[in-house]
Amino acid sequence: MAPETHQEIEIVVSVMAYPAISTRHGEVVCVAGFRHDTLWEPSWVRLFPFRVRDIPPEIRVHKWDVIRLRVRKARSDHRPESFTPDMDSIRVVGHLDTKRNWEARRAFVDPHRGRTMRQVLDQQASEGISLAVVEPGEILDLEVTARSAKELQEARERAEREIAQGDLFSLDDRLPLEPVPFDFHMVLQYPDEDQPKRLKVVDWEINQAYRKYRGDYREPEQEVRKHWLNDVCGPGRDPCFLIGNQHRFPDQWLLLGIVWPKKS
């Protein structure tokens with residue numbers, strides 16, 4: 001068998017989903033971004049499995065960090081953007097801020113803008129892409145749906161098992177992953193579709209916002225809804241959505257992140 005080929009790359013971490021418990025990999029995060037070392041062609045890269053909370057806090061990776069690491073092409077995930085990261089090789093070498101109306105971040109996002117969801121689906125059918133930037137069209141609502149008590153209990157049990165099965169010699173003092181008790185879906189009217197469509201939001205930021213707001217508000221989920229509709233996607237903004245499909249269900253797309261500069 002030929003040895004695995006690794007390469008060192010730099011990427012801008014533009015999306016980071018809320019952690020999930022994988023039967024095979026334990027607590028993992030879907031992390032993706034754009035190649036930083038090929039600026040003339042800022043192509044997408046997905047890193048999986050990515051264990052954010054295993055990284056020491058002083059070098060932990062955040063959204064819009066520039067990271068350098070070694071990767072190899074994923075074995076079991078044949079989507080063209082998917083790579084397996086060498087977690088021990090990760091180095092944070094920069095960060096892109098929002099100064100000058102998100103100028104540094106838009107340098108990577110803007111070359112991908114302009115497509116509707118139908119165009120993304122056509123490209124997925126012809127080329128197999130699994131990450132894209134899509135124009136949201138008219139944003140109608142952010143639906144908030146309570147998860148069932150049974151679903152939340154099962155999620156807690158998976159999280160507790162994952163911690164219990166960790167390396168006993170690792171000095172791992174993490175708390176079990178906390179399930180957020182609500183699901184969030186963006187409701188959109190794309191310009192080339194007859195009926196509104198829904199996109200489930202799995203962005204780290206929306207779930208962290210809920211956890212932040214719950215200490216200050218009686219209905220933190222409604223504060224999340226108001227912030228996303230009035231500020232992130234408000235009338236003075238020019239948002240675009242960073243989306244990705246699921247490995248097992250390639251026809252199901254998720255909202256992984258939002259870029260929301262001011263309108264020009």
# chains A, B, ... in the order shown; residues from 1 in each chain; ligands from 1
call {"tool": "residues_around", "arguments": {"residues": "Pro181 (chain A)", "least_positions_apart": "3", "cutoff": "9 Å", "atoms": "only C-alpha atoms", "output": "PyMOL selection string"}}
result
chain A and resi 145-149+152
call {"tool": "select_by_dssp", "arguments": {"residues": "region 11-118 of chain A", "states": "alpha helix (DSSP H)", "output": "list in words"}}
result
Lys99, Arg100, Asn101, Trp102, Glu103, Ala104, Arg105, Arg106, Ala107, Phe108, Val109, Met117 and Arg118 of chain A
call {"tool": "write_last_selection", "arguments": {"atoms": "N, CA and C atoms", "output": "compact mmCIF listing (two decimals), in the first residue's frame"}}
result
# COMPACT_ATOMS: atom_id res chain seq x y z
N LYS A 99 -12.61 45.15 9.81
CA LYS A 99 -12.34 46.55 9.50
C LYS A 99 -12.62 46.84 8.03
N ARG A 100 -12.92 48.12 7.75
CA ARG A 100 -13.19 48.58 6.38
C ARG A 100 -14.29 47.72 5.73
N ASN A 101 -15.37 47.53 6.52
CA ASN A 101 -16.54 46.79 6.04
C ASN A 101 -16.18 45.38 5.59
N TRP A 102 -15.48 44.66 6.45
CA TRP A 102 -15.15 43.25 6.25
C TRP A 102 -14.20 43.03 5.06
N GLU A 103 -13.40 44.01 4.75
CA GLU A 103 -12.58 43.94 3.53
C GLU A 103 -11.73 42.67 3.47
N ALA A 104 -11.03 42.33 4.56
CA ALA A 104 -10.13 41.18 4.53
C ALA A 104 -10.90 39.88 4.32
N ARG A 105 -12.05 39.75 4.95
CA ARG A 105 -12.84 38.52 4.81
C ARG A 105 -13.50 38.45 3.43
N ARG A 106 -13.95 39.59 2.95
CA ARG A 106 -14.64 39.60 1.66
C ARG A 106 -13.70 39.25 0.51
N ALA A 107 -12.40 39.43 0.71
CA ALA A 107 -11.45 39.04 -0.34
C ALA A 107 -11.55 37.56 -0.67
N PHE A 108 -11.96 36.76 0.30
CA PHE A 108 -12.12 35.33 0.08
C PHE A 108 -13.54 34.94 -0.29
N VAL A 109 -14.51 35.67 0.26
CA VAL A 109 -15.91 35.31 0.05
C VAL A 109 -16.46 35.85 -1.27
N MET A 117 -29.55 29.34 -4.82
CA MET A 117 -29.52 27.96 -4.36
C MET A 117 -29.70 26.98 -5.51
N ARG A 118 -30.54 27.31 -6.46
CA ARG A 118 -30.74 26.41 -7.60
C ARG A 118 -29.45 26.26 -8.40
call {"tool": "closest_atom_pairs", "arguments": {"of": "region 43-161 of chain A", "to": "region 244-248 of chain A", "cutoff": "10 Å", "atoms": "only C-alpha atoms", "output": "JSON lines"}}
result
{"residue": "A:Arg46", "atom": "CA", "partner": "A:Gly244", "partner_atom": "CA", "distance": 9.6}
{"residue": "A:Ser76", "atom": "CA", "partner": "A:His247", "partner_atom": "CA", "distance": 9.6}
{"residue": "A:Asp77", "atom": "CA", "partner": "A:His247", "partner_atom": "CA", "distance": 6.9}
{"residue": "A:His78", "atom": "CA", "partner": "A:His247", "partner_atom": "CA", "distance": 8.5}
{"residue": "A:Arg79", "atom": "CA", "partner": "A:His247", "partner_atom": "CA", "distance": 7.6}
{"residue": "A:Ser82", "atom": "CA", "partner": "A:His247", "partner_atom": "CA", "distance": 9.8}
{"residue": "A:Gln124", "atom": "CA", "partner": "A:Asn245", "partner_atom": "CA", "distance": 9.6}
{"residue": "A:Ile129", "atom": "CA", "partner": "A:Asn245", "partner_atom": "CA", "distance": 8.8}
{"residue": "A:Ser130", "atom": "CA", "partner": "A:Asn245", "partner_atom": "CA", "distance": 5.3}
{"residue": "A:Leu131", "atom": "CA", "partner": "A:Gly244", "partner_atom": "CA", "distance": 4.3}
{"residue": "A:Ala132", "atom": "CA", "partner": "A:Gly244", "partner_atom": "CA", "distance": 6.4}
{"residue": "A:Val133", "atom": "CA", "partner": "A:Gly244", "partner_atom": "CA", "distance": 8.9}
call {"tool": "residues_around", "arguments": {"residues": "Phe83 (chain A)", "least_positions_apart": "3", "cutoff": "10 Å", "atoms": "only C-alpha atoms", "output": "VMD selection string"}}
result
chain A and resid 6 32 45 to 49 70 to 75 77 to 80 86
call {"tool": "write_last_selection", "arguments": {"atoms": "C-alpha atoms", "output": "mmCIF file, in the first residue's frame"}}
result
data_model
loop_
_atom_site.group_PDB
_atom_site.id
_atom_site.type_symbol
_atom_site.label_atom_id
_atom_site.label_comp_id
_atom_site.auth_asym_id
_atom_site.auth_seq_id
_atom_site.Cartn_x
_atom_site.Cartn_y
_atom_site.Cartn_z
ATOM 1 C CA HIS A 6 0.250 14.773 3.399
ATOM 2 C CA ALA A 32 -14.260 24.687 6.733
ATOM 3 C CA VAL A 45 -11.475 23.123 2.219
ATOM 4 C CA ARG A 46 -13.351 21.050 4.814
ATOM 5 C CA LEU A 47 -11.469 19.665 7.835
ATOM 6 C CA PHE A 48 -12.953 16.615 9.532
ATOM 7 C CA PRO A 49 -12.777 15.228 12.148
ATOM 8 C CA ARG A 70 -0.863 19.283 7.532
ATOM 9 C CA VAL A 71 -3.744 17.469 5.836
ATOM 10 C CA ARG A 72 -4.372 14.412 3.718
ATOM 11 C CA LYS A 73 -7.289 13.691 1.417
ATOM 12 C CA ALA A 74 -10.147 12.121 3.348
ATOM 13 C CA ARG A 75 -10.491 8.369 2.859
ATOM 14 C CA ASP A 77 -15.521 11.163 2.491
ATOM 15 C CA HIS A 78 -15.309 11.554 -1.266
ATOM 16 C CA ARG A 79 -16.547 15.117 -1.396
ATOM 17 C CA PRO A 80 -13.843 17.114 -3.246
ATOM 18 C CA ASP A 86 -3.279 16.424 11.508
#
call {"tool": "atom_distance", "arguments": {"atom1": "CA of Asp231 (chain A)", "atom2": "CA of Ser14 (chain A)"}}
result
19.4 Å
call {"tool": "closest_residue", "arguments": {"among": "A:Val66, A:Leu242, A:Val232, A:Leu140", "to": "Glu10 (chain A)", "atoms": "only C-alpha atoms"}}
result
A:Val66
call {"tool": "atom_distance", "arguments": {"atom1": "CA of Gly128 (chain A)", "atom2": "CA of Gly257 (chain A)"}}
result
20.6 Å
